[in-house]
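Next comes target-v3.txt, with compact mmCIF, C-alpha atoms.
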# COMPACT_ATOMS: atom_id res chain seq x y z
CA MET A 26 25.90 -36.98 -3.06
CA ILE A 27 24.17 -38.78 -0.21
CA GLY A 28 20.96 -36.77 0.12
CA ARG A 29 19.41 -35.98 3.49
CA VAL A 30 22.00 -35.61 6.28
CA THR A 31 19.94 -34.11 9.09
CA LYS A 32 22.36 -34.95 11.91
CA SER A 33 25.56 -34.01 10.06
CA PHE A 34 27.42 -30.75 10.59
CA VAL A 35 30.61 -28.82 9.89
CA LYS A 36 31.19 -26.66 12.99
CA ASN A 37 33.85 -24.66 14.83
CA ASN A 38 36.62 -25.11 12.29
CA THR A 39 39.32 -22.79 10.99
CA ILE A 40 40.24 -23.25 7.33
CA ARG A 41 42.99 -21.10 5.87
CA ASN A 42 45.36 -20.89 2.89
CA SER A 43 43.26 -23.27 0.80
CA TYR A 44 43.92 -23.58 -2.94
CA ASN A 45 40.47 -25.10 -3.53
CA ARG A 46 37.50 -23.59 -1.64
CA GLY A 47 36.59 -23.81 2.02
CA THR A 48 33.45 -25.97 2.37
CA THR A 49 31.58 -27.56 -0.54
CA ILE A 50 27.92 -28.50 -0.12
CA HIS A 51 27.29 -31.06 -2.86
CA GLY A 52 24.26 -33.28 -3.29
CA VAL A 53 23.13 -33.01 0.34
CA HIS A 54 20.16 -31.57 2.21
CA TYR A 55 19.76 -30.44 5.85
CA LEU A 56 23.50 -30.13 6.49
CA THR A 57 24.59 -27.57 9.11
CA VAL A 58 27.65 -25.41 8.42
CA ALA A 59 28.15 -23.10 11.40
CA TYR A 60 30.67 -21.12 13.46
CA ASN A 61 33.53 -21.69 11.04
CA SER A 62 36.29 -19.25 10.08
CA TYR A 63 37.82 -19.14 6.61
CA TYR A 64 40.80 -17.09 5.52
CA ASN A 65 42.80 -16.75 2.30
CA THR A 66 41.01 -19.32 0.16
CA MET A 67 40.93 -19.62 -3.63
CA GLY A 68 37.65 -19.96 -5.51
CA HIS A 69 34.20 -19.69 -3.95
CA THR A 70 34.69 -20.34 -0.25
CA ILE A 71 31.33 -21.73 0.92
CA PHE A 72 30.04 -23.39 -2.20
CA VAL A 73 26.56 -24.78 -2.93
CA GLU A 74 27.50 -26.78 -5.99
CA ASP A 75 24.77 -28.33 -8.16
CA ALA A 76 21.69 -26.15 -7.50
CA ALA A 77 19.90 -29.25 -6.22
CA GLU A 78 20.92 -28.82 -2.57
CA THR A 79 18.16 -27.54 -0.27
CA ARG A 80 17.37 -26.80 3.40
CA ASN A 81 21.02 -26.59 4.41
CA LEU A 82 21.70 -24.30 7.38
CA ILE A 83 24.68 -21.97 6.91
CA MET A 84 25.01 -19.70 9.93
CA TYR A 85 27.50 -17.52 11.81
CA ASN A 86 30.45 -18.25 9.55
CA VAL A 87 33.21 -15.71 8.89
CA VAL A 88 34.84 -15.69 5.46
CA ALA A 89 37.73 -13.32 4.70
CA GLY A 90 40.20 -12.99 1.86
CA THR A 91 38.55 -14.97 -0.94
CA LYS A 92 40.78 -14.96 -4.04
CA PRO A 93 40.31 -15.92 -7.71
CA SER A 94 41.23 -19.34 -9.05
CA PHE A 95 41.85 -20.08 -12.71
CA SER A 96 41.87 -23.86 -12.14
CA LEU A 97 38.24 -24.42 -11.10
CA LEU A 98 34.95 -23.17 -12.62
CA ASN A 99 34.73 -20.11 -14.81
CA THR A 100 32.85 -18.34 -12.01
CA ASP A 101 35.79 -18.93 -9.67
CA THR A 102 37.75 -16.30 -11.57
CA THR A 103 35.37 -13.79 -9.93
CA PRO A 104 34.72 -15.62 -6.67
CA GLY A 105 32.31 -15.07 -3.83
CA CYS A 106 32.77 -15.72 -0.15
CA PHE A 107 29.40 -17.47 -0.53
CA TRP A 108 28.24 -18.92 -3.86
CA ILE A 109 24.61 -20.01 -3.65
CA THR A 110 22.92 -21.79 -6.56
CA HIS A 111 19.56 -22.70 -4.97
CA PRO A 112 17.50 -20.24 -2.89
CA ASN A 113 15.89 -22.83 -0.61
CA ASN A 114 18.72 -22.80 1.91
CA ILE A 115 19.11 -20.87 5.16
CA PHE A 116 21.75 -18.17 5.62
CA ILE A 117 21.82 -16.43 9.00
CA GLY A 118 24.42 -14.16 10.60
CA ASN A 119 27.30 -14.82 8.22
CA ARG A 120 30.16 -12.39 7.53
CA ALA A 121 31.86 -11.92 4.16
CA ALA A 122 34.92 -9.67 3.98
CA GLY A 123 37.81 -8.90 1.69
CA SER A 124 36.77 -10.98 -1.30
CA SER A 125 38.26 -9.95 -4.63
CA ASN A 126 34.76 -9.83 -6.13
CA TYR A 127 31.61 -10.94 -4.26
CA GLY A 128 30.39 -11.26 -0.72
CA PHE A 129 27.18 -13.23 -1.35
CA TRP A 130 26.61 -14.31 -4.95
CA MET A 131 23.11 -15.72 -5.33
CA ASP A 132 23.77 -17.40 -8.68
CA TYR A 133 20.46 -19.25 -8.91
CA GLN A 134 20.34 -21.67 -11.83
CA ASP A 135 17.53 -22.45 -14.26
CA THR A 136 17.87 -26.18 -13.50
CA ALA A 137 20.01 -28.38 -11.31
CA ILE A 138 23.43 -28.80 -12.90
CA GLY A 139 26.43 -31.13 -12.84
CA PRO A 140 26.02 -34.70 -11.54
CA SER A 141 22.68 -33.66 -9.99
CA PHE A 142 21.23 -32.45 -13.30
CA ASN A 143 17.45 -32.59 -13.27
CA PRO A 144 15.30 -30.37 -15.51
CA ARG A 145 12.42 -30.65 -13.03
CA ILE A 146 14.42 -28.79 -10.37
CA LYS A 147 14.09 -25.08 -11.11
CA PRO A 148 15.97 -22.96 -8.57
CA THR A 149 15.12 -19.58 -10.12
CA LEU A 150 11.44 -20.39 -9.55
CA SER A 151 11.87 -21.80 -6.02
CA LYS A 152 11.11 -20.19 -2.68
CA LEU A 153 13.77 -18.64 -0.49
CA GLY A 154 14.69 -20.57 2.64
CA GLU A 155 15.91 -17.68 4.81
CA PHE A 156 18.42 -14.88 4.37
CA LYS A 157 18.77 -12.79 7.51
CA GLY A 158 21.38 -10.78 9.38
CA ASN A 159 24.27 -11.29 6.97
CA VAL A 160 27.05 -8.74 6.40
CA ALA A 161 29.38 -8.09 3.46
CA HIS A 162 32.14 -5.52 3.49
CA SER A 163 35.35 -4.50 1.76
CA VAL A 164 34.74 -6.74 -1.24
CA GLY A 165 35.95 -5.83 -4.71
CA ASN A 166 32.58 -5.63 -6.46
CA TYR A 167 29.22 -6.65 -4.95
CA GLY A 168 28.17 -7.22 -1.36
CA LEU A 169 25.00 -9.13 -2.31
CA ARG A 170 24.12 -9.92 -5.90
CA ILE A 171 21.12 -11.90 -7.14
CA PHE A 172 22.08 -13.02 -10.62
CA HIS A 173 20.72 -14.63 -12.86
CA GLY A 174 17.36 -13.80 -11.36
CA HIS A 175 14.78 -15.08 -8.88
CA LYS A 176 11.02 -15.43 -9.39
CA PRO A 177 9.77 -17.23 -6.28
CA PRO A 178 6.18 -18.48 -5.96
CA VAL A 179 5.80 -16.52 -2.71
CA THR A 180 7.51 -13.36 -1.50
CA ALA A 181 11.21 -13.84 -0.72
CA LEU A 182 12.36 -11.69 2.19
CA TYR A 183 16.01 -10.66 2.38
CA GLN A 184 16.22 -8.95 5.74
CA ASP A 185 18.62 -7.22 8.12
CA HIS A 186 21.46 -7.37 5.61
CA MET A 187 24.36 -4.92 5.71
CA SER A 188 26.80 -4.09 2.92
CA TYR A 189 29.50 -1.50 3.40
CA LYS A 190 32.60 -0.31 1.58
CA CYS A 191 32.02 -2.56 -1.43
CA GLY A 192 33.99 -1.65 -4.55
CA LYS A 193 30.90 -1.39 -6.76
CA THR A 194 27.47 -2.09 -5.28
CA GLY A 195 26.01 -3.02 -1.91
CA ILE A 196 22.99 -4.92 -3.27
CA MET A 197 22.32 -5.66 -6.93
CA GLY A 198 19.56 -7.74 -8.51
CA LYS A 199 18.55 -8.79 -11.99
CA ASP A 200 15.18 -10.11 -13.19
CA LEU A 201 13.59 -10.16 -9.75
CA GLY A 202 10.08 -11.38 -9.00
CA LYS A 203 8.41 -11.10 -5.58
CA ILE A 204 11.46 -9.89 -3.67
CA TRP A 205 11.45 -7.67 -0.58
CA PHE A 206 14.54 -6.16 0.99
CA LYS A 207 13.73 -5.25 4.59
CA ASN A 208 15.80 -3.25 7.08
CA VAL A 209 18.97 -3.32 5.02
CA ILE A 210 21.86 -0.98 5.88
CA LEU A 211 24.10 0.22 3.06
CA VAL A 212 27.13 2.40 3.77
CA SER A 213 29.92 3.80 1.57
CA ASN A 214 29.48 1.40 -1.34
CA LYS A 215 31.47 3.06 -4.10
CA ALA A 216 29.18 3.16 -7.14
CA VAL A 217 25.63 2.42 -5.96
CA SER A 218 24.20 1.21 -2.67
CA LEU A 219 21.20 -0.64 -4.15
CA THR A 220 20.18 -1.22 -7.76
CA PHE A 221 18.04 -3.54 -9.88
CA ASP A 222 18.58 -4.23 -13.58
CA SER A 223 15.02 -5.43 -14.06
CA ILE A 224 11.97 -6.74 -12.23
CA SER A 225 9.20 -9.10 -13.30
CA ALA A 226 6.61 -8.90 -10.54
CA GLY A 227 3.19 -7.36 -10.10
CA ARG A 228 2.76 -3.81 -8.90
CA PHE A 229 4.60 -3.25 -5.62
CA GLU A 230 5.37 -6.96 -5.21
CA ASN A 231 9.02 -5.93 -5.42
CA ARG A 232 9.93 -3.49 -2.67
CA VAL A 233 12.51 -2.05 -0.30
CA ASP A 234 11.32 -1.43 3.28
CA GLY A 235 13.11 0.38 6.10
CA ALA A 236 16.46 0.77 4.35
CA ILE A 237 19.22 3.04 5.64
CA PHE A 238 21.54 4.56 3.03
CA VAL A 239 24.73 6.32 4.16
CA GLY A 240 26.79 8.08 1.53
CA LYS A 241 29.86 8.84 3.61
CA SER A 242 30.95 7.63 7.03
CA LYS A 243 33.90 8.91 9.06
CA LEU A 244 34.09 5.58 10.85
CA ILE A 245 34.17 3.40 7.72
CA GLY A 246 35.63 5.83 5.18
CA GLY A 247 34.85 5.91 1.47
CA SER A 248 31.73 7.31 -0.15
CA THR A 249 28.81 6.37 -2.40
CA ASN A 250 28.08 7.90 -5.79
CA ARG A 251 24.35 7.08 -5.71
CA ALA A 252 22.24 5.46 -3.01
CA LEU A 253 19.42 4.07 -5.11
CA VAL A 254 19.13 3.31 -8.82
CA GLY A 255 15.89 1.56 -9.75
CA PRO A 256 14.84 -0.51 -12.77
CA PRO A 257 12.98 0.84 -15.83
CA SER A 258 9.62 0.10 -14.21
CA ASP A 259 7.13 1.89 -11.97
CA ASP A 260 5.98 -1.37 -10.34
CA TRP A 261 8.31 -1.32 -7.33
CA LEU A 262 8.08 0.54 -4.05
CA VAL A 263 10.50 2.10 -1.58
CA SER A 264 9.04 2.72 1.88
CA ASP A 265 10.44 4.20 5.10
CA ALA A 266 13.89 4.76 3.60
CA ARG A 267 16.43 7.09 5.21
CA PHE A 268 19.32 8.80 3.43
CA TYR A 269 22.33 10.32 5.21
CA ASN A 270 25.50 12.20 4.22
CA PHE A 271 25.19 12.55 0.46
CA GLY A 272 27.14 15.66 -0.46
CA SER A 273 28.56 17.43 -3.48
CA GLY A 274 28.98 15.18 -6.50
CA THR A 275 26.86 12.38 -5.02
CA GLY A 276 23.14 11.77 -4.85
CA ALA A 277 20.50 9.83 -2.98
CA ILE A 278 18.57 8.84 -6.12
CA GLY A 279 20.02 8.13 -9.54
CA GLN A 280 18.49 7.78 -12.97
CA CYS A 281 16.78 4.42 -13.38
CA LYS A 282 18.97 1.64 -14.69
CA GLY A 283 18.41 1.14 -18.41
CA CYS A 284 16.17 4.20 -18.85
CA GLU A 285 16.87 6.70 -21.59
CA SER A 286 17.77 10.04 -20.06
CA ASN A 287 15.61 12.02 -22.47
CA LYS A 288 12.49 9.88 -21.93
CA ASP A 289 12.24 8.19 -18.57
CA ASN A 290 14.25 9.55 -15.67
CA GLY A 291 14.55 7.70 -12.38
CA ALA A 292 12.34 10.12 -10.48
CA ARG A 293 9.40 9.04 -12.61
CA THR A 294 9.97 5.31 -12.19
CA GLN A 295 10.44 5.05 -8.43
CA ASN A 296 7.67 5.14 -5.86
CA PHE A 297 8.22 6.28 -2.27
CA GLN A 298 6.04 6.26 0.80
As structure tokens:
Amino acid sequence: MIGRVTKSFVKNNTIRNSYNRGTTIHGVHYLTVAYNSYYNTMGHTIFVEDAAETRNLIMYNVVAGTKPSFSLLNTDTTPGCFWITHPNNIFIGNRAAGSSNYGFWMDYQDTAIGPSFNPRIKPTLSKLGEFKGNVAHSVGNYGLRIFHGHKPPVTALYQDHMSYKCGKTGIMGKDLGKIWFKNVILVSNKAVSLTFDSISAGRFENRVDGAIFVGKSKLIGGSTNRALVGPPSDDWLVSDARFYNFGSGTGAIGQCKGCESNKDNGARTQNFQ
């Protein structure tokens, strides 16, 4: 809880068999957490705690084997390798693997919480620092999930992300504002590669650019039921997408999420160019 720590860092460590997280970022700004390896930890492994922490640099960390804890927060019963409560932090080149539930859980809060509580801090309405070149694979549920929503004042760019062989979904978002997913690669995610529950942006301010969707891969194994399931809105755009290896019983495009099948099928609520 000491505020700005520009010259401080957590680097080149190996943390394993921890009963309580890996690294907690609590009440600090401009901390660097880089080149660390984490294995077999309980609860969220890299943990941004109070949703007041900003401009921290989290880069090139490897997190594997994140397990539930029933002795910490409620959210630790469905843990993430990375649990991020404020978007204005920087995540570059990290790897999340083998979590029971989440790879990257962007659990942005309405206000700062805990000892840092401040109603004037509004993470869900804050800009994204940077999210680039991260990978999630072999997690129980979601590779990357933005929940409970993000409505940034300027476009937030999630780029060069890869999710593969996730138990449910590669990328999932709820109540998204000006969000762009650029050059993401999604392979063999069991239920859906990419889906949004809802969006709240202007026309085409929410978009997916340059995505690659692979239904089945001999190298990775597994398969995807649907590549893309959009929200019940025609205000989002998919451009320059490529779909590979969707065979019998699977599909590139699914019915929009939340749409009634007899009124508003997915093909009418998704725009491609």
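Pairwise distance (atom CA of Ile237 of chain A, atom CA of Gly272 of chain A) equals 16.1 Å.
Across the model, the gap from atom CA of Lys157 of chain A to atom CA of Ser264 of chain A is 19.2 Å.
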**Study point:** Spatial neighbours of segment 186-203 of chain A, max dist 6 Å, all atoms listed in the file, sep filter under 5 positions, as a ChimeraX atom specification
**Key:** /A:158-172,174-176,180,209-226,230-231
**Study point:** Distance of atom CA of Asn99 of chain A from atom CA of Gly128 of chain A, expressed in Å to one decimal place
**Key:**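 Pair atom CA of Gly128 of chain A / atom CA of Asn99 of chain A returns 17.2 Å.
Using only C-alpha atoms, the smallest distance between any of A:Thr57, A:Thr49, A:Thr39, A:Ser248 and Val88 of chain A comes from A:Thr39.
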Point to revise | Polymer residues at most 12 Å from (19.5, -36.7, 4.6) by only C-alpha atoms, as a list in words | key: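 Applying the cut-off with only C-alpha atoms, one gets Met26, Ile27, Gly28, Arg29, Val30, Thr31, Lys32, Ser33, Phe34, Gly52, Val53, His54, Tyr55, Leu56, Thr57, Glu78, Thr79, Arg80 and Asn81 of chain A.
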Practice item. Just the residues within 10 Å of segment 295-298 of chain A, please, counting only C-alpha atoms, with nothing from its chain fewer than 2 positions along; format it as a list in words. Key: Phe229, Arg232, Val233, Asp234, Leu253, Val254, Gly255, Pro256, Pro257, Ser258, Asp259, Asp260, Trp261, Leu262, Val263, Ser264, Asp265, Ala266, Ile278, Gln280, Cys281, Asn290, Gly291, Ala292 and Arg293 of chain A
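Within 7 Å of Ile40 of chain A, once all atoms listed in the file are used and residues closer than 4 positions along the same chain are dropped, the contacting residues are Gly47, Ser62, Tyr63 and Tyr64 of chain A.
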Exercise for review: Go through A:Asn86, A:Asn270, A:Ser141, A:Ser96 one by one, measure the shortest atom-to-atom distance of each to Gly247 of chain A using all atoms listed in the file, and give the residue with the smallest value.
Suggested key: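 Ranking A:Asn86, A:Asn270, A:Ser141, A:Ser96 by distance to Gly247 of chain A, first place goes to A:Asn270.
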Review point. So, counting only C-alpha atoms, which residue among A:Ala252, A:Val87, A:Leu244, A:Leu150 is closest to Ala122 of chain A?
Key: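 Of all the options, A:Val87 lies closest to Ala122 of chain A.
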Practice item. Show which residues sit within 9 Å of Pro104 of chain A, as a list in words. Count only C-alpha atoms, and ignore same-chain residues fewer than 3 positions away. Key: Met67, Gly68, His69, Thr70, Thr91, Lys92, Pro93, Ser94, Thr100, Asp101, Phe107, Trp108, Ser124, Ser125, Asn126, Tyr127, Gly128 and Trp130 of chain A
Point to revise | Counting only C-alpha atoms, the residue of A:Ile115, A:Cys106, A:Leu82, A:Ala121 that sits nearest Gly154 of chain A | key: A:Ile115
